[in-house]
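Enquirer: So here's input_11.cif, just mmCIF, C-alpha atoms:
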```
data_coords
#
loop_
_atom_site.group_PDB
_atom_site.id
_atom_site.type_symbol
_atom_site.label_atom_id
_atom_site.label_comp_id
_atom_site.auth_asym_id
_atom_site.auth_seq_id
_atom_site.Cartn_x
_atom_site.Cartn_y
_atom_site.Cartn_z
ATOM 1 C CA MET A 109 5.333 9.421 16.246
ATOM 2 C CA ARG A 110 8.048 7.021 15.101
ATOM 3 C CA LEU A 111 9.081 6.463 11.478
ATOM 4 C CA ILE A 112 9.739 2.923 10.297
ATOM 5 C CA PRO A 113 11.175 1.978 6.859
ATOM 6 C CA ILE A 114 8.715 -0.162 4.834
ATOM 7 C CA LEU A 115 7.509 -1.400 1.494
ATOM 8 C CA PHE A 116 3.946 -2.556 1.254
ATOM 9 C CA VAL A 117 3.090 -4.545 -1.843
ATOM 10 C CA LEU A 118 0.539 -7.306 -2.091
ATOM 11 C CA GLY A 119 2.144 -9.494 -4.702
ATOM 12 C CA CYS A 120 0.684 -8.718 -8.108
ATOM 13 C CA ALA A 121 2.544 -8.500 -11.379
ATOM 14 C CA ALA A 122 2.892 -4.997 -12.759
ATOM 15 C CA ASN A 123 0.396 -4.050 -15.416
ATOM 16 C CA SER A 124 0.104 -1.047 -17.685
ATOM 17 C CA ALA A 125 -0.181 2.128 -15.637
ATOM 18 C CA ALA A 126 -3.576 3.731 -15.168
ATOM 19 C CA PRO A 127 -4.073 7.215 -16.594
ATOM 20 C CA THR A 128 -2.628 10.024 -14.523
ATOM 21 C CA VAL A 129 -4.318 13.293 -13.633
ATOM 22 C CA SER A 130 -2.734 16.327 -15.301
ATOM 23 C CA THR A 131 -4.868 18.969 -13.561
ATOM 24 C CA GLY A 132 -5.878 19.453 -9.946
ATOM 25 C CA ALA A 133 -8.666 17.186 -8.740
ATOM 26 C CA VAL A 134 -10.688 16.281 -5.663
ATOM 27 C CA THR A 135 -11.635 12.634 -5.151
ATOM 28 C CA ARG A 136 -14.446 11.721 -2.790
ATOM 29 C CA ALA A 137 -13.648 8.404 -1.100
ATOM 30 C CA ALA A 138 -17.153 7.110 -1.851
ATOM 31 C CA ASP A 139 -16.581 7.717 -5.579
ATOM 32 C CA ALA A 140 -12.952 6.515 -5.785
ATOM 33 C CA PRO A 141 -12.140 3.439 -7.870
ATOM 34 C CA ALA A 142 -11.534 0.369 -5.704
ATOM 35 C CA ARG A 143 -9.971 -3.005 -6.478
ATOM 36 C CA VAL A 144 -9.650 -6.354 -4.694
ATOM 37 C CA ALA A 145 -6.539 -8.565 -4.680
ATOM 38 C CA PRO A 146 -6.798 -11.934 -6.464
ATOM 39 C CA SER A 147 -6.619 -13.611 -3.038
ATOM 40 C CA GLY A 148 -9.603 -11.563 -1.809
ATOM 41 C CA LYS A 149 -7.555 -10.678 1.291
ATOM 42 C CA ALA A 150 -6.736 -7.056 0.403
ATOM 43 C CA SER A 151 -8.292 -4.074 -1.326
ATOM 44 C CA ILE A 152 -7.099 -0.697 -2.537
ATOM 45 C CA THR A 153 -9.135 2.479 -3.016
ATOM 46 C CA GLU A 154 -7.326 4.860 -5.367
ATOM 47 C CA LEU A 155 -7.664 8.299 -3.799
ATOM 48 C CA ALA A 156 -5.222 10.128 -6.105
ATOM 49 C CA ARG A 157 -2.747 9.217 -8.836
ATOM 50 C CA GLY A 158 -0.638 11.880 -10.485
ATOM 51 C CA GLN A 159 2.618 12.160 -12.397
ATOM 52 C CA SER A 160 4.811 11.911 -9.265
ATOM 53 C CA ALA A 161 2.815 10.058 -6.588
ATOM 54 C CA PHE A 162 -0.019 7.664 -5.735
ATOM 55 C CA VAL A 163 -2.288 7.874 -2.654
ATOM 56 C CA GLY A 164 -4.551 4.996 -1.697
ATOM 57 C CA ARG A 165 -6.514 3.476 1.185
ATOM 58 C CA LEU A 166 -5.247 -0.074 1.555
ATOM 59 C CA THR A 167 -7.011 -2.740 3.644
ATOM 60 C CA MET A 168 -5.812 -6.235 4.506
ATOM 61 C CA ALA A 169 -7.683 -9.169 6.095
ATOM 62 C CA PRO A 170 -6.765 -10.491 9.558
ATOM 63 C CA GLY A 171 -3.913 -12.986 9.407
ATOM 64 C CA ALA A 172 -3.023 -12.202 5.767
ATOM 65 C CA SER A 173 0.600 -11.750 4.736
ATOM 66 C CA VAL A 174 2.775 -10.127 2.093
ATOM 67 C CA ALA A 175 5.683 -12.126 0.663
ATOM 68 C CA GLU A 176 9.217 -10.742 0.664
ATOM 69 C CA HIS A 177 9.719 -8.249 -2.186
ATOM 70 C CA ARG A 178 11.262 -4.938 -3.275
ATOM 71 C CA ASP A 179 9.700 -1.861 -4.900
ATOM 72 C CA GLU A 180 11.423 0.716 -7.086
ATOM 73 C CA THR A 181 10.267 3.906 -5.311
ATOM 74 C CA GLU A 182 9.920 5.216 -1.799
ATOM 75 C CA GLU A 183 6.688 4.329 -0.032
ATOM 76 C CA TYR A 184 4.896 5.744 2.990
ATOM 77 C CA LEU A 185 2.108 4.309 5.156
ATOM 78 C CA TYR A 186 0.008 5.767 7.913
ATOM 79 C CA VAL A 187 -1.747 3.088 9.982
ATOM 80 C CA LEU A 188 -5.375 3.960 10.735
ATOM 81 C CA ALA A 189 -6.488 0.602 12.217
ATOM 82 C CA GLY A 190 -5.110 -2.860 12.858
ATOM 83 C CA GLY A 191 -1.460 -3.752 12.642
ATOM 84 C CA GLY A 192 1.046 -6.535 12.452
ATOM 85 C CA THR A 193 4.731 -7.226 11.968
ATOM 86 C CA ILE A 194 6.731 -5.656 9.141
ATOM 87 C CA HIS A 195 10.163 -7.002 8.171
ATOM 88 C CA ILE A 196 12.446 -4.473 6.492
ATOM 89 C CA ASP A 197 15.923 -5.502 5.406
ATOM 90 C CA GLY A 198 15.920 -8.239 8.076
ATOM 91 C CA VAL A 199 14.549 -6.138 10.954
ATOM 92 C CA ALA A 200 11.085 -7.018 12.365
ATOM 93 C CA THR A 201 8.929 -4.218 13.814
ATOM 94 C CA VAL A 202 5.375 -4.330 15.158
ATOM 95 C CA ILE A 203 3.222 -1.505 13.746
ATOM 96 C CA GLY A 204 -0.211 -0.259 14.772
ATOM 97 C CA PRO A 205 -2.631 2.687 14.716
ATOM 98 C CA GLY A 206 -0.913 6.065 14.623
ATOM 99 C CA ASP A 207 2.381 4.723 13.267
ATOM 100 C CA ALA A 208 3.886 6.437 10.228
ATOM 101 C CA VAL A 209 6.043 4.195 8.085
ATOM 102 C CA TYR A 210 8.735 5.123 5.555
ATOM 103 C CA MET A 211 10.292 2.625 3.150
ATOM 104 C CA PRO A 212 13.242 3.589 0.987
ATOM 105 C CA ALA A 213 13.332 2.456 -2.630
ATOM 106 C CA ASN A 214 14.460 -1.167 -3.100
ATOM 107 C CA ALA A 215 14.221 -2.190 0.579
ATOM 108 C CA LEU A 216 13.568 -5.918 1.127
ATOM 109 C CA VAL A 217 10.184 -6.192 2.869
ATOM 110 C CA SER A 218 7.582 -8.715 4.059
ATOM 111 C CA TYR A 219 4.545 -8.356 6.334
ATOM 112 C CA GLU A 220 2.289 -10.498 8.559
ATOM 113 C CA ASN A 221 -1.027 -8.947 9.545
ATOM 114 C CA GLY A 222 -2.371 -9.321 13.065
ATOM 115 C CA PRO A 223 -5.839 -10.478 14.178
ATOM 116 C CA GLU A 224 -7.677 -7.325 13.006
ATOM 117 C CA GLU A 225 -8.260 -5.778 9.591
ATOM 118 C CA LEU A 226 -5.403 -3.464 8.642
ATOM 119 C CA ILE A 227 -6.347 -0.061 7.218
ATOM 120 C CA VAL A 228 -3.582 2.266 6.017
ATOM 121 C CA VAL A 229 -3.160 5.349 3.891
ATOM 122 C CA GLN A 230 -0.497 4.393 1.348
ATOM 123 C CA VAL A 231 1.657 6.801 -0.675
ATOM 124 C CA PHE A 232 4.076 5.803 -3.422
ATOM 125 C CA ALA A 233 6.585 8.557 -4.257
ATOM 126 C CA GLY A 234 6.207 7.817 -7.929
ATOM 127 C CA PRO A 235 3.059 6.151 -9.262
ATOM 128 C CA GLY A 236 4.851 3.232 -10.977
ATOM 129 C CA PRO A 237 4.598 0.654 -8.152
ATOM 130 C CA ALA A 238 0.841 1.273 -7.855
ATOM 131 C CA SER A 239 0.358 -0.191 -11.339
ATOM 132 C CA LYS A 240 0.357 -3.640 -9.662
ATOM 133 C CA TYR A 241 -3.160 -2.781 -8.441
ATOM 134 C CA ASP A 242 -4.415 -2.427 -12.034
ATOM 135 C CA ALA A 243 -4.521 -6.256 -12.214
ATOM 136 C CA TRP A 244 -6.832 -6.493 -9.188
ATOM 137 C CA ALA A 245 -10.571 -6.939 -9.821
ATOM 138 C CA PRO A 246 -12.848 -3.872 -9.555
ATOM 139 C CA ARG A 247 -14.819 -3.811 -6.316
#
```
As a first step, turn the structure in this file into structure tokens.
Expert:
Amino acid sequence: MRLIPILFVLGCAANSAAPTVSTGAVTRAADAPARVAPSGKASITELARGQSAFVGRLTMAPGASVAEHRDETEEYLYVLAGGGTIHIDGVATVIGPGDAVYMPANALVSYENGPEELIVVQVFAGPGPASKYDAWAPR
């Protein structure tokens, strides 16, 4: 498995952070809170959010894109389905199912999705960047 630096944000202004969990917890995917991007082209299911990390299931519509941006913490993705081209600090890389992606804090990133729905497990090493999803509409 290859590791690729990445940031994966879908262009929403940061909002106040959602409450964090202070004790252990199990979240069933069917019961997890889910939100849809203002564009309707992406959704996030919040699987876990603690004091030091965020784990979500992120989906993105075929042909959708993410504008160039930076995030303040490390981010990790594991591609379950779909794929496209990620640009990290000027380097373009095609990603697809089975690829694990690492993005250092403050990397300059953009993304173009391919012809299939993208489904990834997303981890922020620090829950702050995930607060952008708080502005998305509940699904």
Enquirer: Please identify all polymer residues within 7 Å of Trp244 (chain A), counting all atoms listed in the file, omitting same-chain residues fewer than 6 positions from it, and present them as JSON, numbers by chain.
Expert: {"A": [143, 144, 145, 146]}
Enquirer: Using C-alpha atoms, can you export the residues from the last selection as a PDB file, keeping the file's coordinate frame?
Expert:
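Output file part_38.pdb follows:
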```pdb
ATOM      1  CA  ARG A 143      -9.971  -3.005  -6.478  1.00  0.00           C
ATOM      2  CA  VAL A 144      -9.650  -6.354  -4.694  1.00  0.00           C
ATOM      3  CA  ALA A 145      -6.539  -8.565  -4.680  1.00  0.00           C
ATOM      4  CA  PRO A 146      -6.798 -11.934  -6.464  1.00  0.00           C
TER       5      PRO A 146
END
```
Enquirer: Would you work out the distance separating CA of Ser151 (chain A) from CA of Asp197 (chain A), expressed in Å to one decimal?
Expert: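 Separating CA of Ser151 (chain A) from CA of Asp197 (chain A) is a distance of 25.2 Å.
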Enquirer: Please write as JSON, numbers by chain the full residue list that the PyMOL selection byres ((chain A and resi 142) around 6) yields on this file.
Expert: {"A": [141, 143, 152, 153, 246, 247]}
Enquirer: What's the 9 Å shell around region 166-180 of chain A, counting all atoms listed in the file, without same-chain residues fewer than 6 positions away, as an NGL selection string?
Expert: :A and (115-119 or 148-154 or 190 or 192 or 195 or 212-230 or 234 or 236-237)
Enquirer: Can you sort out the box for region 183-188 of chain A, edges along x, y and z, all listed atoms in, 8 Å on every side, with centre and edge lengths in Å to one decimal, as AutoDock Vina command-line options?
Expert:
```
--center_x 0.7 --center_y 4.4 --center_z 5.4 --size_x 28.1 --size_y 18.7 --size_z 26.8
```
Enquirer: Could you tell me which of A:Val163, A:Val187, A:Val231, A:Ala156 comes closest to Gly132 (chain A) if we count all atoms listed in the file?
Expert: A:Ala156
